[in-house]
Amino acid sequence: MAVLPIVLLGDPVLRQRAEPVSASELTSRAFGKLIDDMIDTMREAQGVGLAAPQVGVGLRLFVYESRRHEPPIPLTVVINPRISPLPGDLIFGWEGCLSIPDLKGLVPRHAALELAAFDRGGGPLAKRVEGFEARIIQHELDHLDGIVYLDRMTDLTSLGFVEVLDDEGD
Ligand code: NI
């Protein structure tokens with residue numbers, strides 16, 4: 001396993017639509033290694049999610065995990081995802097991104113959704129999620145469509161450096 005370089009905003013790969021993972025690709029050794037490396041990279045960077053375009057790979061794959069969140073969000077590998085938002089108001093919450101270091105801002109997201117995808121074995125992954133996990137999934141799915149959280153912000157005045165905002169008690 002290896003820690004991969006994380007692509008920063010400005011790199012075109014972050015603005016491209018990623019390609020679906022094919023059935024043959026999904027079971028390949030190289031794809032398994034990519035997943036393992038992405039998990040290592042996410043953990044090393046202390047992120048809660050990482051999408052393949054963020055390591056320069058234009059495939060519809062992301063991983064997420066938050067061991068610090070209460071309750072903890074288990075490690076999940078998501079391939080070729082589709083989401084269906086559940087009815088309800090959008091909720092604002094803080095987001096940052098490993099490809100946009102040191103900043104965070106308030107982003108409106110669906111409060112709950114249904115996720116349908118494949119897991120790393122190629123089996124079905126279907127779950128209903130809400131709260132922080134739903135936020136992570138929406139953030140990471142956006143990466144697969146060339147969208148970053150800044151694009152979703154409706155009020156850029158909340159954007160700031162984590163170091164400064166956390167000092168102010170947020
Ligand atoms: Ni991100």
# chains A, B, ... in the order shown; residues from 1 in each chain; ligands from 1
>>> residues_near_ligand(ligand="ligand 1", cutoff="7 Å", atoms="only C-alpha atoms and all ligand atoms", output="MDAnalysis selection string")
chainID A and resid 50 96:99 139:140 143 148
>>> write_last_selection(atoms="all heavy atoms", output="short mmCIF file (atom, residue, chain, number, x, y, z; two decimals), in the first residue's frame")
data_model
loop_
_atom_site.label_atom_id
_atom_site.label_comp_id
_atom_site.auth_asym_id
_atom_site.auth_seq_id
_atom_site.Cartn_x
_atom_site.Cartn_y
_atom_site.Cartn_z
N LEU A 50 -12.23 10.52 0.17
CA LEU A 50 -11.29 10.77 -0.93
C LEU A 50 -11.86 10.13 -2.19
O LEU A 50 -12.24 8.96 -2.18
CB LEU A 50 -9.91 10.16 -0.60
CG LEU A 50 -8.80 10.45 -1.60
CD1 LEU A 50 -8.37 11.92 -1.56
CD2 LEU A 50 -7.58 9.55 -1.34
N GLY A 96 -14.65 20.93 4.24
CA GLY A 96 -13.34 21.25 3.69
C GLY A 96 -13.04 20.20 2.65
O GLY A 96 -13.86 19.33 2.38
N CYS A 97 -11.86 20.27 2.05
CA CYS A 97 -11.52 19.33 0.99
C CYS A 97 -10.01 19.18 0.92
O CYS A 97 -9.29 20.18 0.98
CB CYS A 97 -12.07 19.85 -0.35
SG CYS A 97 -11.73 18.75 -1.74
N LEU A 98 -9.54 17.95 0.80
CA LEU A 98 -8.09 17.72 0.74
C LEU A 98 -7.46 18.35 -0.50
O LEU A 98 -6.26 18.60 -0.51
CB LEU A 98 -7.80 16.21 0.77
CG LEU A 98 -8.19 15.49 2.06
CD1 LEU A 98 -7.98 13.99 1.92
CD2 LEU A 98 -7.41 16.04 3.25
N SER A 99 -8.27 18.63 -1.51
CA SER A 99 -7.74 19.27 -2.72
C SER A 99 -7.77 20.79 -2.64
O SER A 99 -7.32 21.47 -3.57
CB SER A 99 -8.54 18.81 -3.95
OG SER A 99 -8.34 17.43 -4.16
N HIS A 139 -20.50 15.19 -1.11
CA HIS A 139 -19.24 15.87 -1.42
C HIS A 139 -18.39 15.01 -2.36
O HIS A 139 -17.86 15.50 -3.37
CB HIS A 139 -18.50 16.16 -0.10
CG HIS A 139 -17.17 16.81 -0.26
ND1 HIS A 139 -16.88 18.07 0.23
CD2 HIS A 139 -16.02 16.38 -0.86
CE1 HIS A 139 -15.63 18.38 -0.07
NE2 HIS A 139 -15.08 17.37 -0.72
N GLU A 140 -18.27 13.72 -2.03
CA GLU A 140 -17.41 12.83 -2.82
C GLU A 140 -18.03 12.54 -4.19
O GLU A 140 -17.32 12.47 -5.19
CB GLU A 140 -17.13 11.53 -2.07
CG GLU A 140 -16.43 11.71 -0.72
CD GLU A 140 -15.18 12.58 -0.78
OE1 GLU A 140 -14.49 12.60 -1.82
OE2 GLU A 140 -14.89 13.26 0.23
N HIS A 143 -17.21 15.17 -6.60
CA HIS A 143 -15.87 15.07 -7.19
C HIS A 143 -15.90 14.23 -8.47
O HIS A 143 -15.12 14.48 -9.40
CB HIS A 143 -14.89 14.44 -6.20
CG HIS A 143 -14.28 15.40 -5.23
ND1 HIS A 143 -13.60 16.54 -5.62
CD2 HIS A 143 -14.24 15.40 -3.87
CE1 HIS A 143 -13.16 17.19 -4.54
NE2 HIS A 143 -13.55 16.53 -3.47
N VAL A 148 -16.66 20.87 -7.02
CA VAL A 148 -16.06 20.98 -5.68
C VAL A 148 -17.02 21.76 -4.78
O VAL A 148 -17.94 22.44 -5.26
CB VAL A 148 -14.67 21.65 -5.71
CG1 VAL A 148 -13.70 20.83 -6.54
CG2 VAL A 148 -14.76 23.09 -6.22
#
>>> residues_around(residues="Ala111 of chain A", least_positions_apart="3", cutoff="10 Å", atoms="only C-alpha atoms", output="list in words")
Pro85, Leu86, Pro87, Gly88, Asp89, Leu90, Ile91, Phe92, Pro108, Val129, Glu130, Gly131, Phe132, Glu133, Ala134 and Arg135 of chain A
>>> atom_distance(atom1="atom CA of Ile73 of chain A", atom2="atom CA of Val48 of chain A")
9.0 Å
>>> residues_around(residues="Trp94 of chain A", least_positions_apart="2", cutoff="7 Å", atoms="only C-alpha atoms", output="PyMOL selection string")
chain A and resi 96+104-107
>>> write_last_selection(atoms="N, CA, C and O atoms", output="PDB file, in the first residue's frame")
ATOM      1  N   GLY A  96     -14.647  20.934   4.240  1.00  0.00           N
ATOM      2  CA  GLY A  96     -13.337  21.250   3.692  1.00  0.00           C
ATOM      3  C   GLY A  96     -13.037  20.200   2.648  1.00  0.00           C
ATOM      4  O   GLY A  96     -13.861  19.330   2.380  1.00  0.00           O
ATOM      5  N   LYS A 104     -12.397  26.088   4.868  1.00  0.00           N
ATOM      6  CA  LYS A 104     -13.690  25.428   5.031  1.00  0.00           C
ATOM      7  C   LYS A 104     -14.801  26.457   4.851  1.00  0.00           C
ATOM      8  O   LYS A 104     -14.575  27.665   4.966  1.00  0.00           O
ATOM      9  N   GLY A 105     -15.981  25.941   4.576  1.00  0.00           N
ATOM     10  CA  GLY A 105     -17.116  26.832   4.374  1.00  0.00           C
ATOM     11  C   GLY A 105     -18.413  26.088   4.607  1.00  0.00           C
ATOM     12  O   GLY A 105     -18.434  24.851   4.710  1.00  0.00           O
ATOM     13  N   LEU A 106     -19.503  26.845   4.696  1.00  0.00           N
ATOM     14  CA  LEU A 106     -20.823  26.250   4.927  1.00  0.00           C
ATOM     15  C   LEU A 106     -21.460  25.895   3.588  1.00  0.00           C
ATOM     16  O   LEU A 106     -21.584  26.739   2.704  1.00  0.00           O
ATOM     17  N   VAL A 107     -21.882  24.626   3.487  1.00  0.00           N
ATOM     18  CA  VAL A 107     -22.392  24.093   2.225  1.00  0.00           C
ATOM     19  C   VAL A 107     -23.773  23.473   2.455  1.00  0.00           C
ATOM     20  O   VAL A 107     -23.939  22.668   3.379  1.00  0.00           O
TER      21      VAL A 107
END
>>> closest_residue(among="A:Met38, A:Val55, A:Val13, A:Ala116", to="Ile83 of chain A", atoms="only C-alpha atoms")
A:Ala116
>>> residues_around(residues="segment 20-26 of chain A", least_positions_apart="6", cutoff="9 Å", atoms="only C-alpha atoms", output="list in words")
Gly32, Gly58, Leu59, Arg60, Leu61, Ile79, Asn80, Arg120, Gly121 and Gly122 of chain A
>>> write_last_selection(atoms="N, CA and C atoms", output="PDB file, in the first residue's frame")
ATOM      1  N   GLY A  32      -7.752  -3.010  -7.204  1.00  0.00           N
ATOM      2  CA  GLY A  32      -7.684  -3.306  -5.774  1.00  0.00           C
ATOM      3  C   GLY A  32      -6.588  -2.524  -5.083  1.00  0.00           C
ATOM      4  N   GLY A  58      -9.441   9.242 -13.178  1.00  0.00           N
ATOM      5  CA  GLY A  58     -10.791   9.631 -13.591  1.00  0.00           C
ATOM      6  C   GLY A  58     -11.766   8.470 -13.599  1.00  0.00           C
ATOM      7  N   LEU A  59     -11.936   7.839 -12.454  1.00  0.00           N
ATOM      8  CA  LEU A  59     -12.884   6.728 -12.318  1.00  0.00           C
ATOM      9  C   LEU A  59     -13.891   7.040 -11.222  1.00  0.00           C
ATOM     10  N   ARG A  60     -15.101   6.426 -11.366  1.00  0.00           N
ATOM     11  CA  ARG A  60     -16.185   6.706 -10.413  1.00  0.00           C
ATOM     12  C   ARG A  60     -16.036   5.817  -9.180  1.00  0.00           C
ATOM     13  N   LEU A  61     -15.173   6.274  -8.302  1.00  0.00           N
ATOM     14  CA  LEU A  61     -14.795   5.541  -7.088  1.00  0.00           C
ATOM     15  C   LEU A  61     -14.477   6.545  -5.998  1.00  0.00           C
ATOM     16  N   ILE A  79     -18.304   2.412  -5.453  1.00  0.00           N
ATOM     17  CA  ILE A  79     -17.965   2.335  -6.883  1.00  0.00           C
ATOM     18  C   ILE A  79     -19.229   2.565  -7.707  1.00  0.00           C
ATOM     19  N   ASN A  80     -19.118   3.390  -8.738  1.00  0.00           N
ATOM     20  CA  ASN A  80     -20.235   3.711  -9.648  1.00  0.00           C
ATOM     21  C   ASN A  80     -21.517   4.089  -8.888  1.00  0.00           C
ATOM     22  N   ARG A 120     -16.312  -3.071  -3.063  1.00  0.00           N
ATOM     23  CA  ARG A 120     -15.037  -3.406  -3.710  1.00  0.00           C
ATOM     24  C   ARG A 120     -15.001  -4.828  -4.252  1.00  0.00           C
ATOM     25  N   GLY A 121     -15.913  -5.651  -3.803  1.00  0.00           N
ATOM     26  CA  GLY A 121     -15.990  -6.996  -4.361  1.00  0.00           C
ATOM     27  C   GLY A 121     -16.889  -7.056  -5.586  1.00  0.00           C
ATOM     28  N   GLY A 122     -17.530  -5.944  -5.916  1.00  0.00           N
ATOM     29  CA  GLY A 122     -18.446  -5.909  -7.040  1.00  0.00           C
ATOM     30  C   GLY A 122     -19.872  -6.230  -6.647  1.00  0.00           C
TER      31      GLY A 122
END
>>> select_by_dssp(residues="segment 7-136 of chain A", states="strand (DSSP E)", output="VMD selection string")
chain A and resid 49 to 51 61 to 66 73 to 85 90 to 97 100 to 110 112 to 118 124 to 130
>>> closest_residue(among="A:Asp166, A:Glu114, A:Glu65, A:Asp119", to="Arg43 of chain A", atoms="only C-alpha atoms")
A:Glu65
>>> atom_distance(atom1="atom CA of Leu156 of chain A", atom2="atom CA of Ala112 of chain A")
23.9 Å
